[in-house]
Each structure stands twice: as structure tokens, then as C-alpha cells.
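One structure is given here, and the rest of the page talks about it.
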Amino acid sequence: MEENIYRKDFPFFSDNKYIYLDNAATTQRPKVVLDAICDFYKKSNANPLRGLYDLGIEATNRYEQARERVAEFINASDSSEIVFTRNTSESINLVAYSYGLSNLKEGDEVVISVMEHHSNILPWQFVCNNTKAKLIYLEPDKNGVISRKEYESKIGKKTKIVSIGHVSNVLGVTNPVKEIASYAHKFGAVVVVDAAQSAPHKKIDVRDLDADFLAFSGHKLMAPMGIGVLYGKKSLLEHMPPFLRGGEMIEYVTRDSATFAEVPHKFEAGTVNAEGAVGLAKAIDYLESVGFDTIENIENELTAYLMDGIKDLKYINTYGSINPSEHSGIVTFTIEGVHPHDIASILNEDNICIRAGHHCAQPLMQFLKVGSTARASIYFYNTKKEIEKLIYSLANVRKVMGYGD
Amino acid sequence: MEENIYRKDFPFFSDNKYIYLDNAATTQRPKVVLDAICDFYKKSNANPLRGLYDLGIEATNRYEQARERVAEFINASDSSEIVFTRNTSESINLVAYSYGLSNLKEGDEVVISVMEHHSNILPWQFVCNNTKAKLIYLEPDKNGVISRKEYESKIGKKTKIVSIGHVSNVLGVTNPVKEIASYAHKFGAVVVVDAAQSAPHKKIDVRDLDADFLAFSGHKLMAPMGIGVLYGKKSLLEHMPPFLRGGEMIEYVTRDSATFAEVPHKFEAGTVNAEGAVGLAKAIDYLESVGFDTIENIENELTAYLMDGIKDLKYINTYGSINPSEHSGIVTFTIEGVHPHDIASILNEDNICIRAGHHCAQPLMQFLKVGSTARASIYFYNTKKEIEKLIYSLANVRKVMGYGD
Amino acid sequence: MEIKQFYREIVNEHNLHPMHKGRMEGPDLVLRGVNPSCGDDIILQLKLNGEIIEDAMFIGTGCAISQASVDMMADQIIGKTKEKALEMAQVFMGMIKGNITDEAELEVLDEAAALQDVSHMPARVKCAVLGWHTMQEILNNPEKSEKLS
Amino acid sequence: MEIKQFYREIVNEHNLHPMHKGRMEGPDLVLRGVNPSCGDDIILQLKLNGEIIEDAMFIGTGCAISQASVDMMADQIIGKTKEKALEMAQVFMGMIKGNITDEAELEVLDEAAALQDVSHMPARVKCAVLGWHTMQEILNNPEKSEKLS
Ligand SMILES: Cc1ncc(COP(=O)(O)O)c(C=O)c1O
Ligand SMILES: Cc1ncc(COP(=O)(O)O)c(C=O)c1O
């Protein structure tokens, strides 16, 4: 592989020493996104959706155009199906509070999987506790695959909500969300897709998936922090009560009651994060200019290189598929006799940034019977040289820790 | 007054034609804040509170230092009393959902005022609807003042929560929140202060006010959009259930249950907005370098100039105090025979940005018996020349609308 | 046209001296139309004779653009068939949203075409279309007709 | 000291060959200490003779730094009074947080002072102090003592 041609687009890489391999946690931002932020504040800054003056209209337009850009990105039918939130976690909480609390009752079931991120577990624990619905877990097989038999045995007449991660942030595996959605819809359940780890890596088509709700975070695909997305089918959003209340999400307010604005504004209380939306739209432009094909190619090549490079180190165990192209750039591993935190500290001395811990997926850790794991997560701006250094450092960890090999 | 020495700090003013007088809606951002955003992404960008590597620690430190800066800014005892949110609206919703829903019951009373922003009305309507508590309104006198007699007659043994705006975004009046808090505390009520319009203009001291909760928005004091603050007394925050759930706000998660992190992290679900926090800390630095004395002086001088300049136009009615220094830079007015939206459109042609409408305060509009009003809101970077132009334009509005004068 | 000029030459006349403002005796169709965000609030009243709109009046309050627009509309639809009025509404909406700019096409609007400038004032689009939108609603859904109170 | 060197020269010995790891017969005080974010999880067991800590042992799992630190701690507190052990804990915490750097002051820690480098590894502070923190807890609140299961 040649020198990576995308790195120069990122100020982050221009003068620091880090080998950044924690891309599943958050990504770096290209200059075009930082420029878009500054440009917004310099030229179009006013409170969107409020001012009647030209500057206010301009702010509103840039904000609403960002919404259209997002709709196009995930192939939503209409931009009113895009609600801006802070992040994936808030998006899922919104569905849990607004749809979940008002549609679940004792005897109903919510189905999630053991490999969910806490952000797709805790909101459902909360809703189930409050409504006395039952929380059911799909279990993957030892390769991390949720089989057809598994989901067909757990989804049924009592199922009201299925909420499932598109790509696992630990195993990197892609779940069969389209098939699960189609099966769940037979029973009238609504399907929530946690796309936090898929949106940065592969084309999302909400209509093809037939997702009822879908959530992702801007910061995981090079957009600013503080902006996230909730897609929801219009017919569902329209019948849901608001979640946060205040500001311009209303029609009329009297002392005792209020009527609410149309979707999506009904769900966006208070001053919106126009900077974040504008930055997200620009990040999507940038991402699509690179192209998902290129992204997947680079990631798969680097992932293969990494998995191949550590294959001979018998004391390293990796999780998930043995096929590198089924990892979305995520390689989670443990080293026998070495705690993942010690791995991270040792790699840190070589300026390599990897994640160690439970990755906000404690039930999956319990399922895998490990306390914690280490994780290297690759994005298209990483290079073969960086992976080489990672392999080299990993090959030395046990020696540093006092083992013979 | 000399040329304003602060304008050069703002890229916004460098090459546009606008006279921006909608500062109560959102403010412009100084270059130092934009630089802080870019600097964060260039040098310290990782997911805070997660990575063990140096870059992750650096991101965490910058985020937590921002929290300390905010604590100092409002004189909180401890930085753990500062929860980062998106904006004032979310801060108040957090209190309503987490404290309100779990502490109110039928027969209890929540006291707010008629001049509240929707963001400090709708969450309480919601909580009261859900708990069957009663929502009680304090009424100002015709000058916009909530008298001691008024609040002493409405706050009492049944009062569990008093939520009150520090400065009204329509009248500009400062409410006696310290006195109200002291009275409400006699009955054991908790006091929530909506400081969205005060924090940009005057020193806030949560301990002096003895506020139990206090909320404000970064974007109204020159920080990025997408970051807000909820201050809460530690003893209260600690006993409240979480609001949004997911990510690093936990201690342990099993399939059926979870235990939560300490405050403030318990209330910050998912990836935090470190950019916003860092930008907010820098905005506070900048704001304090200007100084509240200077800010109040400039605002009062310009407000006086404006009120004086329109005094002779008998068809213009202003609202709130007749004393310009009791306006926090906000001048709300109507012109007889001209709808506020037409005023805004006409001023827009002169590149003057003012707000027209209900200002997210419909109950106050009903109280004032107006459908909507126009509002010019001043910040310290405005100039006498700008106000002059505003006065000139206002003096022409009725002529444009076909009236003789 | 500049905005001030637009007020002076087009809006003011209808706003200050509306020809069709007032309460109608025995209207056939009545509908309230509201723009929550601006506070424009009108009640449109129509008298029908078969397919023909025999008279149109409005009451209510709002900004000058909303008031002038509904007054101009009333002026134009009186004597037209319901079908023609709906066709005009289509053209008017298209004009205000900037989708129809062809003068020949706009001719059907007659004087109401003078509001074309609103297409450059995005914040005021809702004001300009309120009357036309209310008319569409009530002609298409006569069962929604209200009582004048 | 560099981190790798720090592991090699200080941590590994105690991590790979702990001297005080194991289940104690008839302990007087037992407390579990946990760092949720890392998964460090130890059970500290103390045997007392009046004011004197006669023996200290631990079981559990965790990262090398947490394991080495608690092993070093046990080594240092055996034979000391409870008061002395608490004083040492104070000094240790101060050292790790970077507040105490004076060598003379650190002398009381003896070999445990070798963990000073952790003060430059902010992510690992919790690991290093887990054992000492657990000891403080149980000496200050003996009523919290648990049963060894
Ligand atoms: C008094 C007051 N409270 C609350 C808010 C809501 O702030 P935000 O829109 O940032 O949530 C505002 C501003 O819009 C305000 O002026
Ligand atoms: C699969 C998955 N879901 C949800 C989240 C939560 O995203 P955020 O922290 O942006 O809310 C993450 C990332 O942390 C994730 O990997």
C-alpha cells in the first residue's frame, strides 16, 4: 500500500506522534469539517428556526440543509424523519422514553442482544423496569453470529421492540438486521438499529433495512462531538409524545397546556446545535468523497495485515470472525497472562493508542468470560506502517511483563 | 463612547454588514473560542473518560478542567456539581425528569412565573401532568416585578419545587431569586434557577443565591452551540436517578441491572461533547477578561441610548422597567399599527437583526395582552453607531407602513 | 423590488384599507387559519352559489402581509368557480415558493401576482399563503366548516 | 523511569511471584476492593494482634500494577501498628497523586515508594491505590468486614 493519501486532510496527523487506533471510540476530524465550523460562526451564526432576518434564515437553511444531507446519506424518504440529537446514546434514550414508555406494558417483550453497547441496554432495562415488560437477550454463537434459529426462537407475538446493534463495537461482526427486522415486522414489533459502528464504515439504507428507528453519532464519522442522529419512520415519530420540552418545539403554549410542532422539530427542544449539524453534513460530504468502497478496502487490508501479523503469537487470542473482512476494522484481543490495561500502558509508551477495558459492553464480556479485552480499531486513514508498529509492540508485551517468550 | 475595542476579537464582525441585535437568542463567538475548538481537535482529540493512553488522558483532562472552570465561574463548591448538557432546555428537563418525577405527588405544588421561557414551563407542565402535582404561576406587576407579597402568597407548605428565571428574556427584568430561594427553603422546596439570560451579563454565585439547581447555555455567552450546564447541589444530584442512560455513566452492568457512576458522570450518557466544554471554558476566560463591570457598563449605556432615542416616538411602547439598567440589554417593544413581523422585515432591509414573535414566552405575551413583540437585545460588542441606526430605522417604520407619522 | 417599496406599493393599501374584511351574513363555509409562529389568525368566510364563489370575506389579525394577501385573494376569487379558485391557489403557492416564475403562468392570479416578492422573503412565506391555504382546506374539505361565533 | 523499564524492574516481580497472595486462615478483617472501570478486584485479609497487623494477604485478579501494589503493601504493613499503616497509606496516596515528592517523606513507604512512577500514569492511579484504599476502608470501618466465602 502507498502512503495514505487521506492523512494530509487531517490536522491531527500533521504534527503529532500518535498511532491512533481507537477509531471505534471516536475518529479524527478532517480540516474541511473544522473549516465548516468556523465558516458557520463567521458567516451564518444566529439562532436557527427563530430569527426572521436574513442571517437567521441563513442559519436555519444551513441547519435544515444538513438534515437533508443526513436523510440522503441513509436514504430516508424525507428529511423530517431525521431528528438531531447529541449522540447515539441520546437517540436510543429518546426512543426508549418516548416510544417505549408509552407503548409497552406488562407481558410485552423487548429483544436485544448480548453484544449490545450499554447505550443499547440500559435504556431498555429502564423501560422494562418501568413498564414491567420483559427484556430478552439474543445470544451469538462462539463466532459472534446471531443465527436465524436464535432470533426466530426469541422474537414472537409478545415482542414489541427489537433493538439491535448493526456492527458490534467489540467483535466487529455485522448482525443480520435486515433479516431480523423482516422477521420482527411479522409480529408487528418495531425495530431499532444501533448504527453507531456501522455508519462510519458501510452504506446505510434505512429503507432497504426497513428499520423503524436508527441511531448513530457524528463523532464516530469525523463530525464534531455533540451531534447525533435519530432516524424514525414518520408515521411513528408523528404519534410519539415529545421527549425534551422547551423552546421552539411548540405550536401554542398556555399556562396549563401546550400543543407541539410537527416532526422533527417536536423532538428538538431548545437552541439546536447548528454547528454540529453543519459539521456533520460536511463530514458526510468528505466521507462520501472518499467512498465506502475505498474505506472498506483499506480497512479490510489493514485488518487482514494485523490479524495475519499476530496469528503466530499463540498467546494472543482474537475475538469474532476469523475472516478479517467481517470486522469493520475492529480487532479485539487478549494476551495470556497480561491484563489489557497493562497492554494499553505498554503500547502507550510506543505512542500507540488502543482501547482496553469492557468497551461499554459488560454483558458481552461476561458472555465471553473475560474481565476485559484490548481493542485496536482501524479507520481508512491508518497505514500499514502503523499496523506494523502495532504488531511489533504486541510481540514484545509479554517480554516486558517478564515472560520468557 | 469610543469605537468598541472588542469587536476585532470576533471574526463575525470582520466582513459582514449586519447589525446584530439578537444577542438574547444567541451570541457571536470570539476567535479564541474557534481556535480552542480547532486546537482541541488538532492536539487532544480522543474519546474522554475512556482511553488509558496519553491522548485519551489529555482529552479527559481538558474536559474535566473545563468543568472546573465552570464551577469557578458560578462559584460552585465542587466541580462534581457541574453536569454538562446540551443547553438550558435540556438542563431543566433533566431536573424535571430525574428530580421532578421521583419527588412529586398529587397535592404537591410547583411554582414558576408567568414570564418564564417555554423551556422553564413545558417540563413542569409535563411533570405536573404525570404526578398530578399542581402548577402555580407567580404574576409580575405591570412593571414586570414579582413582589414579595406575590411570592409569599404562592409559596408554602405544599410547594416542592420553585423554578424561576433569573433574568426574563422579554422584559430584561432581574427576578429576586435569592429572596425567593430563601423563602422557599423555609418550606423545604428546592429552587431551580434558569440563568440562561443572566449568566452572559452578570456574575452568578450559586452559593450566594443558594440555588439548588441552576441552568444556562454556552451559546448565549459566546461558547459553541451544543453545550450547556446544569449545576446541582451534590447532595441532591447524588440521590437522583440517572436521566439518559448508556456509555460510561455506569459502574457495573449485568443483563438485568446496572449500578451507576458517581456524579456528575452519572448524568452524562454516551460520548461527551468535549469540544463544547473546552470551547465553553475558553468563552468564560474571554468573558471574564472583558469583565462583568465592563459588560454591564456598555450594555447599560447602549440600552439607555436606545430607550432615550425612541422615547419621543409615541407610537412605540416598551415593556419592563423604565430604568435602562434594569434590562440586561433587552429592549422589547411594539409599534402601534405595525405587526412585529413587519417591523423585523423592514429592519432586515437595513441589515438590522432583531427578533419578532413570542420569544418562547407565550404565557407572558398573553399576560401582556399582545400577540407578539419585537425585541432588540444588546451585548457588549455592540456600538452606539449600531443603536443609532436602529433608532433611525425604527423612526421610519410607520412611514413605510403607510402611516402619516 | 425592495422590501420597503414592496410594502409601500403593494401591501399597505390592502392592509390599511381592506375591501373584504368583515363579518359575513350567513356564510356557507367558514374556516379559521392560523400561523402559530407569527400569530396570524384569520377566519375565512365564503358564500357559494353552486360551483361559484359568490362572496369571500375574512376577519382576524396578523401581519400586514397576511392581511393584504387574504384581502387580495378575496378580491380575485369572487365570481370564480371553486375549481378555478383552487387552480389559482396552486399557482399562488408555486409563485411564493419560487417554483413558478413564468409571467404567463402567473397571469391567472391577476393582482395577487404582485406578492411575488415574498418569494425572496423566506421568513414571510407562511404569512402570504395563509389565506390561500385556508381556502384550499375548506374547499377540499367542506365538512370542516365551522360556526361563526 | 520509562514504563517498560518500570514493569521490568518493579512490577513484574510482585505480579508474577507475589509473596502475600492466598487465602488466609482465620483472618480478623476481610474487605473486597474493586475498580469497576478496570475490573481490578481484590479481597484483602488482615490478621491483627491488638494494634499490630500480624499478617496481610490478598486474593483476586487485576492488572499487574494493582496486584504488585497490594503485594508490596502487604509486605510493608506486616508488623506495623494500624496507626502506622494508615499513615503510610496517606503518604502513598499523596505520592501517587503527585502531591508528595520529597524523598525523605517517602522513606516511610520503603520498597512501596518504587511505585512513584505511577504518578506519571494518570490512567493507572486507581490501580496502584486499590490495595491501600481497601486497607484504609477496613481499618477505619472494621464493622464493614466481610466473610470469606
Ligand atoms: C430565559 C431563557 N430560558 C431558557 C432558554 C432556553 O435556552 P436554550 O435554547 O439554549 O435551551 C432561553 C433562550 O432561548 C432563555 O432566554
Ligand atoms: C455500538 C455502539 N453503540 C452505541 C455507542 C454509543 O455512542 P455514543 O457514545 O456516541 O452515544 C457506541 C460507541 O460508543 C457504540 O460503539
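Every chain in the C-alpha cells takes a letter, A first, then B, and so on in the order presented; its residues are numbered from 1, and the ligands are numbered from 1 following the presented order.
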* To do: Report the residues of segment 97-317 of chain A whose backbone DSSP state falls under strand (DSSP E or B), written as a PyMOL selection string.
  => chain A and resi 109-113+134-138+159-165+167+174+190-194+213-217+228-232+250-253+258-260+316-317
Within 6 Å of ligand 2: each chain A residue with its shortest pair, only C-alpha atoms and all ligand atoms, as CSV:
residue,atom,partner,partner_atom_place_in_ligand_line,distance
A:Ala25,CA,ligand 2,14 (O),5.5
A:Asn87,CA,ligand 2,11 (O),4.3
A:Thr88,CA,ligand 2,11 (O),3.9
A:Ser89,CA,ligand 2,11 (O),3.7
A:His117,CA,ligand 2,3 (N),4.9
A:Ser119,CA,ligand 2,4 (C),5.3
A:Gly165,CA,ligand 2,1 (C),5.8
A:Ser168,CA,ligand 2,1 (C),5.4
A:Asn169,CA,ligand 2,16 (O),4.5
A:Asp194,CA,ligand 2,3 (N),5.7
A:Ala196,CA,ligand 2,2 (C),4.8
A:Gln197,CA,ligand 2,1 (C),5.2
A:Ser217,CA,ligand 2,10 (O),4.8
Give me a file of those residues, with N, CA and C atoms, as a PDB file, in the first residue's frame.
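The file below, selection.pdb, is the result:
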ATOM      1  N   ALA A  25     -13.932   4.316  19.124  1.00  0.00           N
ATOM      2  CA  ALA A  25     -14.350   5.212  20.215  1.00  0.00           C
ATOM      3  C   ALA A  25     -14.703   6.579  19.653  1.00  0.00           C
ATOM      4  N   ASN A  87     -25.971  12.327  20.492  1.00  0.00           N
ATOM      5  CA  ASN A  87     -25.179  11.146  20.140  1.00  0.00           C
ATOM      6  C   ASN A  87     -26.112   9.929  20.078  1.00  0.00           C
ATOM      7  N   THR A  88     -25.545   8.796  19.757  1.00  0.00           N
ATOM      8  CA  THR A  88     -26.326   7.561  19.670  1.00  0.00           C
ATOM      9  C   THR A  88     -27.071   7.289  20.975  1.00  0.00           C
ATOM     10  N   SER A  89     -26.375   7.497  22.073  1.00  0.00           N
ATOM     11  CA  SER A  89     -26.993   7.205  23.376  1.00  0.00           C
ATOM     12  C   SER A  89     -28.270   8.008  23.550  1.00  0.00           C
ATOM     13  N   HIS A 117     -23.923  -2.530  23.072  1.00  0.00           N
ATOM     14  CA  HIS A 117     -23.261  -1.475  23.840  1.00  0.00           C
ATOM     15  C   HIS A 117     -24.211  -1.075  24.988  1.00  0.00           C
ATOM     16  N   SER A 119     -25.268   1.581  25.816  1.00  0.00           N
ATOM     17  CA  SER A 119     -26.246   2.576  25.360  1.00  0.00           C
ATOM     18  C   SER A 119     -27.460   1.944  24.709  1.00  0.00           C
ATOM     19  N   GLY A 165     -27.740  -3.910  17.565  1.00  0.00           N
ATOM     20  CA  GLY A 165     -26.572  -3.238  17.000  1.00  0.00           C
ATOM     21  C   GLY A 165     -26.310  -3.719  15.581  1.00  0.00           C
ATOM     22  N   SER A 168     -21.086  -4.783  15.909  1.00  0.00           N
ATOM     23  CA  SER A 168     -20.655  -4.817  17.313  1.00  0.00           C
ATOM     24  C   SER A 168     -19.359  -4.046  17.492  1.00  0.00           C
ATOM     25  N   ASN A 169     -19.296  -3.214  18.552  1.00  0.00           N
ATOM     26  CA  ASN A 169     -18.086  -2.428  18.782  1.00  0.00           C
ATOM     27  C   ASN A 169     -16.971  -3.257  19.412  1.00  0.00           C
ATOM     28  N   ASP A 194     -28.988   0.201  16.154  1.00  0.00           N
ATOM     29  CA  ASP A 194     -27.875   0.996  16.663  1.00  0.00           C
ATOM     30  C   ASP A 194     -26.774   0.951  15.613  1.00  0.00           C
ATOM     31  N   ALA A 196     -24.210   3.001  15.368  1.00  0.00           N
ATOM     32  CA  ALA A 196     -23.033   3.788  15.774  1.00  0.00           C
ATOM     33  C   ALA A 196     -21.759   3.270  15.115  1.00  0.00           C
ATOM     34  N   GLN A 197     -21.613   1.943  15.029  1.00  0.00           N
ATOM     35  CA  GLN A 197     -20.384   1.367  14.476  1.00  0.00           C
ATOM     36  C   GLN A 197     -20.498   0.999  13.002  1.00  0.00           C
ATOM     37  N   SER A 217     -23.846   8.346  15.696  1.00  0.00           N
ATOM     38  CA  SER A 217     -23.159   9.500  16.286  1.00  0.00           C
ATOM     39  C   SER A 217     -22.287  10.170  15.239  1.00  0.00           C
TER      40      SER A 217
END
* Asked: Could you list, as a PyMOL selection string, all the residues within 10 Å of ligand 1, counting only C-alpha atoms and all ligand atoms?
  -> (chain A and resi 47+50+245-248+268-273) or (chain B and resi 23-26+85-93+115-121+164-170+172+193-198+215-220+225-229+359-361)
* **d(atom CA of His339 of chain A, atom CA of Arg23 of chain D) in Å** => 21.9 Å
* Structure fact -> atom CA of Gly402 of chain A to atom CA of Ser69 of chain D measures 16.4 Å
Counting only C-alpha atoms, which residues of chain C sit at most 10 Å from some atom of chain B, and what is each one's closest atom pair with its distance in Å to one decimal, listed by chain and rising residue number, as a Markdown table?
| residue | atom | partner | partner_atom | distance |
| --- | --- | --- | --- | --- |
| C:Glu2 | CA | B:Glu349 | CA | 7.8 |
| C:Ile3 | CA | B:Glu349 | CA | 6.6 |
| C:Lys4 | CA | B:Val400 | CA | 6.0 |
| C:Gln5 | CA | B:Val400 | CA | 7.8 |
| C:Phe6 | CA | B:Val400 | CA | 9.4 |
| C:Tyr7 | CA | B:Met401 | CA | 6.3 |
| C:Arg8 | CA | B:Val400 | CA | 6.0 |
| C:Glu9 | CA | B:Gly402 | CA | 9.4 |
| C:Val11 | CA | B:Met401 | CA | 8.3 |
| C:Asn12 | CA | B:Gly402 | CA | 5.9 |
| C:Glu13 | CA | B:Gly402 | CA | 8.0 |
| C:Asn15 | CA | B:Met401 | CA | 9.0 |
| C:Leu16 | CA | B:Gly402 | CA | 7.9 |
| C:Pro36 | CA | B:His358 | CA | 9.7 |
| C:Ser37 | CA | B:Gly357 | CA | 7.1 |
| C:Cys38 | CA | B:Gly357 | CA | 6.0 |
| C:Gly39 | CA | B:Gly371 | CA | 6.1 |
| C:Asp40 | CA | B:Gly371 | CA | 8.9 |
| C:Thr61 | CA | B:His339 | CA | 9.3 |
| C:Gly62 | CA | B:His339 | CA | 6.8 |
| C:Cys63 | CA | B:His339 | CA | 4.9 |
| C:Ala64 | CA | B:Asp342 | CA | 6.7 |
| C:Ile65 | CA | B:Asp342 | CA | 7.8 |
| C:Met121 | CA | B:Ser345 | CA | 8.3 |
| C:Ala123 | CA | B:Ser345 | CA | 8.6 |
| C:Arg124 | CA | B:His341 | CA | 8.4 |
| C:Cys127 | CA | B:His341 | CA | 9.6 |
* Excluding Ser44 of chain B and any residue of its chain fewer than 5 positions from it, enumerate the residues within 7 Å of it, using only C-alpha atoms, and give them as a list in words. =>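 Here the answer would be Leu55, Glu58 and Ala59 of chain B.
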* To do: Just the alpha helix (DSSP H) stuff from segment 13-140 of chain C, please, per backbone DSSP, written as a ChimeraX atom specification.
  => /C:13-16,64-77,82-96,103-106,125-140
* Skip Phe367 of chain A itself and residues of its chain fewer than 2 positions away, then list as a ChimeraX atom specification all residues within 9 Å of it, counting only C-alpha atoms. => /A:114-115,139,362-365,369-370
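For Lys160 of chain B, the list of residues within 7 Å, based on only C-alpha atoms and with local chain neighbours fewer than 6 positions off taken out, reads Asp108, Glu109, Val110, Ala189 and Val190 of chain B.
Non-sequential neighbours of His239 of chain B (distance at most 12 Å, separation of 5 or more positions within a chain, only C-alpha atoms) are B:Ser98, B:Tyr99, B:Ser102, B:Asn103, B:Gly232, B:Lys233, B:Lys234, B:Phe260, B:Glu262, B:Val263, B:Pro264, B:Lys266, B:Phe267.
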* Asked: Contacts of Lys178 of chain B at 10 Å or less, counting only C-alpha atoms, minus same-chain residues fewer than 2 places along, as an MDAnalysis selection string?
  -> chainID B and resid 166 175:176 180:184 191 193 206:211
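Between atom CA of Asp41 of chain C and atom CA of Gly131 of chain C the interatomic distance comes to 9.7 Å.
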* Asked: Between A:Ile250, A:Leu244, A:Ile310, A:Ala76, which is the closest to Leu94 of chain B once you count only C-alpha atoms?
  -> A:Leu244
